[in-house]
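A.B. asks: My questions all concern the structure below.
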Amino acid sequence: MLKLKFKAYKGAEIALFQKQADDYAILLGKRTLNPSKGKWFIFGGKCEHSDKSLYETAEREFEEENGTAFSSVSVRFCGECKYKFNLPYFKWTTFLYEVDVSFYMPKHFSYKFSDVQFVPFHQGVGGCGSGTAFTETH
């Protein structure tokens, strides 16, 4: 009998929300690399051996992917979403934060993204989960 052995995959992301007029917007980055080139993502990624927690993974990935130290961002914690997708070897956590309208996203983000912006929910972004991807709707 063939036994498959799966290596556990753990990852995390930080989702920043901002109140804009009568709607909320989420900070997304548009990927320049495959897989998912051209899709909008929340900043996050795989847990590395040096990460002591999924929260530390999320902070590290946030900084790596958009060039801003998360510790320098003034935020209000809103919650945490954990996903398993009915797969015992897969674990993903999204940390949710709200930022003030005065938050400015510097334009020195990673080569992995061609654009970073707050996208209003009413534009039809949707979906949640690992490496959360959103498709543009116009």
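Just so we're on the same page: first chain in the structure tokens is A, next is B, and so on; residues restart at 1 for each chain, and ligands are numbered from 1 in the order they show up.
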Name the residues of chain A that fall into helix (DSSP H, G or I) according to DSSP on the backbone, using the chain letters and numbers of this document, as a VMD selection string.
C.D. replies: chain A and resid 54 to 66 70 to 72 121 to 123
A.B. asks: Tell me which protein, DNA and RNA residues are within 7 Å of region 113-124 of chain A, counting only C-alpha atoms, leaving out same-chain ones fewer than 6 positions away, and put them as an NGL selection string.
C.D. replies: :A and (23-32 or 137)
A.B. asks: Output all heavy atoms for every residue in that selection, as a PDB file, in the first residue's frame.
C.D. replies:
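As written to disk, result32.pdb reads:
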ATOM      1  N   ASP A  23     -18.129  53.197   2.474  1.00  0.00           N
ATOM      2  CA  ASP A  23     -17.669  51.848   2.151  1.00  0.00           C
ATOM      3  C   ASP A  23     -16.330  51.595   2.841  1.00  0.00           C
ATOM      4  O   ASP A  23     -15.686  52.516   3.334  1.00  0.00           O
ATOM      5  CB  ASP A  23     -17.491  51.736   0.625  1.00  0.00           C
ATOM      6  CG  ASP A  23     -17.469  50.302   0.117  1.00  0.00           C
ATOM      7  OD1 ASP A  23     -17.641  49.361   0.919  1.00  0.00           O
ATOM      8  OD2 ASP A  23     -17.280  50.128  -1.098  1.00  0.00           O
ATOM      9  N   TYR A  24     -15.927  50.342   2.860  1.00  0.00           N
ATOM     10  CA  TYR A  24     -14.591  49.976   3.312  1.00  0.00           C
ATOM     11  C   TYR A  24     -13.775  49.577   2.102  1.00  0.00           C
ATOM     12  O   TYR A  24     -14.304  49.113   1.093  1.00  0.00           O
ATOM     13  CB  TYR A  24     -14.641  48.814   4.310  1.00  0.00           C
ATOM     14  CG  TYR A  24     -14.855  49.261   5.725  1.00  0.00           C
ATOM     15  CD1 TYR A  24     -16.132  49.361   6.245  1.00  0.00           C
ATOM     16  CD2 TYR A  24     -13.783  49.594   6.536  1.00  0.00           C
ATOM     17  CE1 TYR A  24     -16.337  49.786   7.550  1.00  0.00           C
ATOM     18  CE2 TYR A  24     -13.975  50.018   7.838  1.00  0.00           C
ATOM     19  CZ  TYR A  24     -15.250  50.109   8.338  1.00  0.00           C
ATOM     20  OH  TYR A  24     -15.444  50.530   9.621  1.00  0.00           O
ATOM     21  N   ALA A  25     -12.470  49.742   2.211  1.00  0.00           N
ATOM     22  CA  ALA A  25     -11.547  49.323   1.167  1.00  0.00           C
ATOM     23  C   ALA A  25     -10.480  48.448   1.814  1.00  0.00           C
ATOM     24  O   ALA A  25     -10.190  48.572   3.004  1.00  0.00           O
ATOM     25  CB  ALA A  25     -10.911  50.535   0.504  1.00  0.00           C
ATOM     26  N   ILE A  26      -9.906  47.551   1.024  1.00  0.00           N
ATOM     27  CA  ILE A  26      -8.877  46.640   1.510  1.00  0.00           C
ATOM     28  C   ILE A  26      -7.589  46.905   0.725  1.00  0.00           C
ATOM     29  O   ILE A  26      -7.629  47.157  -0.487  1.00  0.00           O
ATOM     30  CB  ILE A  26      -9.325  45.164   1.368  1.00  0.00           C
ATOM     31  CG1 ILE A  26      -8.289  44.220   1.969  1.00  0.00           C
ATOM     32  CG2 ILE A  26      -9.657  44.817  -0.076  1.00  0.00           C
ATOM     33  CD1 ILE A  26      -8.761  42.790   2.096  1.00  0.00           C
ATOM     34  N   LEU A  27      -6.449  46.865   1.418  1.00  0.00           N
ATOM     35  CA  LEU A  27      -5.163  47.093   0.767  1.00  0.00           C
ATOM     36  C   LEU A  27      -4.752  45.827   0.027  1.00  0.00           C
ATOM     37  O   LEU A  27      -4.644  44.755   0.621  1.00  0.00           O
ATOM     38  CB  LEU A  27      -4.091  47.466   1.799  1.00  0.00           C
ATOM     39  CG  LEU A  27      -2.729  47.818   1.216  1.00  0.00           C
ATOM     40  CD1 LEU A  27      -2.793  49.101   0.399  1.00  0.00           C
ATOM     41  CD2 LEU A  27      -1.694  47.950   2.323  1.00  0.00           C
ATOM     42  N   LEU A  28      -4.527  45.967  -1.279  1.00  0.00           N
ATOM     43  CA  LEU A  28      -4.140  44.835  -2.119  1.00  0.00           C
ATOM     44  C   LEU A  28      -2.939  45.198  -2.977  1.00  0.00           C
ATOM     45  O   LEU A  28      -2.728  46.363  -3.301  1.00  0.00           O
ATOM     46  CB  LEU A  28      -5.295  44.439  -3.051  1.00  0.00           C
ATOM     47  CG  LEU A  28      -6.598  44.012  -2.398  1.00  0.00           C
ATOM     48  CD1 LEU A  28      -7.669  43.779  -3.461  1.00  0.00           C
ATOM     49  CD2 LEU A  28      -6.401  42.767  -1.554  1.00  0.00           C
ATOM     50  N   GLY A  29      -2.179  44.177  -3.333  1.00  0.00           N
ATOM     51  CA  GLY A  29      -1.064  44.344  -4.249  1.00  0.00           C
ATOM     52  C   GLY A  29      -1.311  43.527  -5.504  1.00  0.00           C
ATOM     53  O   GLY A  29      -1.773  42.390  -5.426  1.00  0.00           O
ATOM     54  N   LYS A  30      -1.010  44.090  -6.666  1.00  0.00           N
ATOM     55  CA  LYS A  30      -1.208  43.406  -7.944  1.00  0.00           C
ATOM     56  C   LYS A  30       0.077  42.663  -8.314  1.00  0.00           C
ATOM     57  O   LYS A  30       1.126  43.279  -8.521  1.00  0.00           O
ATOM     58  CB  LYS A  30      -1.579  44.414  -9.032  1.00  0.00           C
ATOM     59  CG  LYS A  30      -2.025  43.769 -10.313  1.00  0.00           C
ATOM     60  CD  LYS A  30      -2.550  44.824 -11.267  1.00  0.00           C
ATOM     61  CE  LYS A  30      -3.164  44.201 -12.491  1.00  0.00           C
ATOM     62  NZ  LYS A  30      -3.691  45.239 -13.396  1.00  0.00           N
ATOM     63  N   ARG A  31      -0.008  41.337  -8.410  1.00  0.00           N
ATOM     64  CA  ARG A  31       1.168  40.493  -8.639  1.00  0.00           C
ATOM     65  C   ARG A  31       1.758  40.673 -10.033  1.00  0.00           C
ATOM     66  O   ARG A  31       1.043  40.804 -11.014  1.00  0.00           O
ATOM     67  CB  ARG A  31       0.828  39.019  -8.425  1.00  0.00           C
ATOM     68  CG  ARG A  31       0.668  38.680  -6.961  1.00  0.00           C
ATOM     69  CD  ARG A  31       0.566  37.199  -6.713  1.00  0.00           C
ATOM     70  NE  ARG A  31       1.691  36.441  -7.214  1.00  0.00           N
ATOM     71  CZ  ARG A  31       2.816  36.186  -6.531  1.00  0.00           C
ATOM     72  NH1 ARG A  31       2.946  36.650  -5.313  1.00  0.00           N
ATOM     73  NH2 ARG A  31       3.770  35.467  -7.061  1.00  0.00           N
ATOM     74  N   THR A  32       3.106  40.637 -10.076  1.00  0.00           N
ATOM     75  CA  THR A  32       3.815  40.707 -11.354  1.00  0.00           C
ATOM     76  C   THR A  32       4.361  39.343 -11.761  1.00  0.00           C
ATOM     77  O   THR A  32       4.848  39.184 -12.866  1.00  0.00           O
ATOM     78  CB  THR A  32       5.008  41.685 -11.258  1.00  0.00           C
ATOM     79  OG1 THR A  32       5.873  41.251 -10.206  1.00  0.00           O
ATOM     80  CG2 THR A  32       4.545  43.096 -11.013  1.00  0.00           C
ATOM     81  N   THR A 137     -12.687  43.636 -11.338  1.00  0.00           N
ATOM     82  CA  THR A 137     -13.985  43.698 -12.006  1.00  0.00           C
ATOM     83  C   THR A 137     -14.258  45.151 -12.347  1.00  0.00           C
ATOM     84  O   THR A 137     -14.192  46.019 -11.501  1.00  0.00           O
ATOM     85  CB  THR A 137     -15.118  43.155 -11.104  1.00  0.00           C
ATOM     86  OG1 THR A 137     -15.105  43.881  -9.878  1.00  0.00           O
ATOM     87  CG2 THR A 137     -14.941  41.691 -10.820  1.00  0.00           C
TER      88      THR A 137
END
A.B. asks: Name the residues of chain A that fall into strand (DSSP E) according to DSSP on the backbone, using the chain letters and numbers of this document, as an NGL selection string.
C.D. replies: :A and (9-20 or 23-31 or 40-41 or 43-46 or 75-83 or 90-99 or 113-120 or 133-134)
A.B. asks: Can I get the selected residues back with C-alpha atoms, as a tab-separated table (two decimals), in the first residue's frame?
C.D. replies:
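Generated output (result-v9.tsv):
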chain	number	residue	atom	x	y	z
A	9	TYR	CA	2.12	24.16	4.92
A	10	LYS	CA	1.54	27.11	7.22
A	11	GLY	CA	1.21	30.72	6.20
A	12	ALA	CA	-0.28	34.03	7.22
A	13	GLU	CA	-1.23	37.46	5.92
A	14	ILE	CA	-2.17	40.90	7.20
A	15	ALA	CA	-5.30	42.48	5.74
A	16	LEU	CA	-5.55	46.25	6.15
A	17	PHE	CA	-8.99	47.84	5.88
A	18	GLN	CA	-9.80	51.52	5.61
A	19	LYS	CA	-13.14	53.31	5.94
A	20	GLN	CA	-13.73	55.43	2.82
A	23	ASP	CA	-17.67	51.85	2.15
A	24	TYR	CA	-14.59	49.98	3.31
A	25	ALA	CA	-11.55	49.32	1.17
A	26	ILE	CA	-8.88	46.64	1.51
A	27	LEU	CA	-5.16	47.09	0.77
A	28	LEU	CA	-4.14	44.84	-2.12
A	29	GLY	CA	-1.06	44.34	-4.25
A	30	LYS	CA	-1.21	43.41	-7.94
A	31	ARG	CA	1.17	40.49	-8.64
A	40	TRP	CA	-4.74	41.33	-6.56
A	41	PHE	CA	-3.48	39.82	-3.30
A	43	PHE	CA	0.28	40.60	1.59
A	44	GLY	CA	1.29	37.28	3.12
A	45	GLY	CA	3.17	34.06	2.62
A	46	LYS	CA	4.66	30.86	3.92
A	75	VAL	CA	-3.67	50.12	13.32
A	76	ARG	CA	-6.70	48.90	15.26
A	77	PHE	CA	-6.91	45.10	15.59
A	78	CYS	CA	-10.22	43.79	14.24
A	79	GLY	CA	-9.86	40.02	14.29
A	80	GLU	CA	-8.20	36.88	13.09
A	81	CYS	CA	-9.45	34.31	10.55
A	82	LYS	CA	-8.05	30.79	10.48
A	83	TYR	CA	-8.47	28.48	7.50
A	90	PHE	CA	-2.67	23.16	5.48
A	91	LYS	CA	-3.06	26.08	7.89
A	92	TRP	CA	-3.54	29.75	6.97
A	93	THR	CA	-4.30	32.74	9.20
A	94	THR	CA	-5.42	36.23	8.19
A	95	PHE	CA	-4.92	39.03	10.72
A	96	LEU	CA	-7.42	41.86	10.18
A	97	TYR	CA	-6.61	45.50	11.02
A	98	GLU	CA	-8.23	48.83	10.36
A	99	VAL	CA	-6.10	51.85	9.46
A	113	PHE	CA	3.82	43.67	-7.20
A	114	SER	CA	3.23	46.27	-9.92
A	115	ASP	CA	0.72	48.29	-7.91
A	116	VAL	CA	-0.52	48.60	-4.34
A	117	GLN	CA	-3.76	50.34	-3.48
A	118	PHE	CA	-6.86	50.34	-1.34
A	119	VAL	CA	-9.66	48.74	-3.37
A	120	PRO	CA	-13.24	49.53	-2.26
A	133	ALA	CA	-6.45	36.56	-4.57
A	134	PHE	CA	-8.94	38.99	-6.01
A.B. asks: CA of Tyr89 (chain A) to CA of Asn34 (chain A): how many Å, to one decimal?
C.D. replies: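 Separation of CA of Tyr89 (chain A) and CA of Asn34 (chain A): 23.5 Å.
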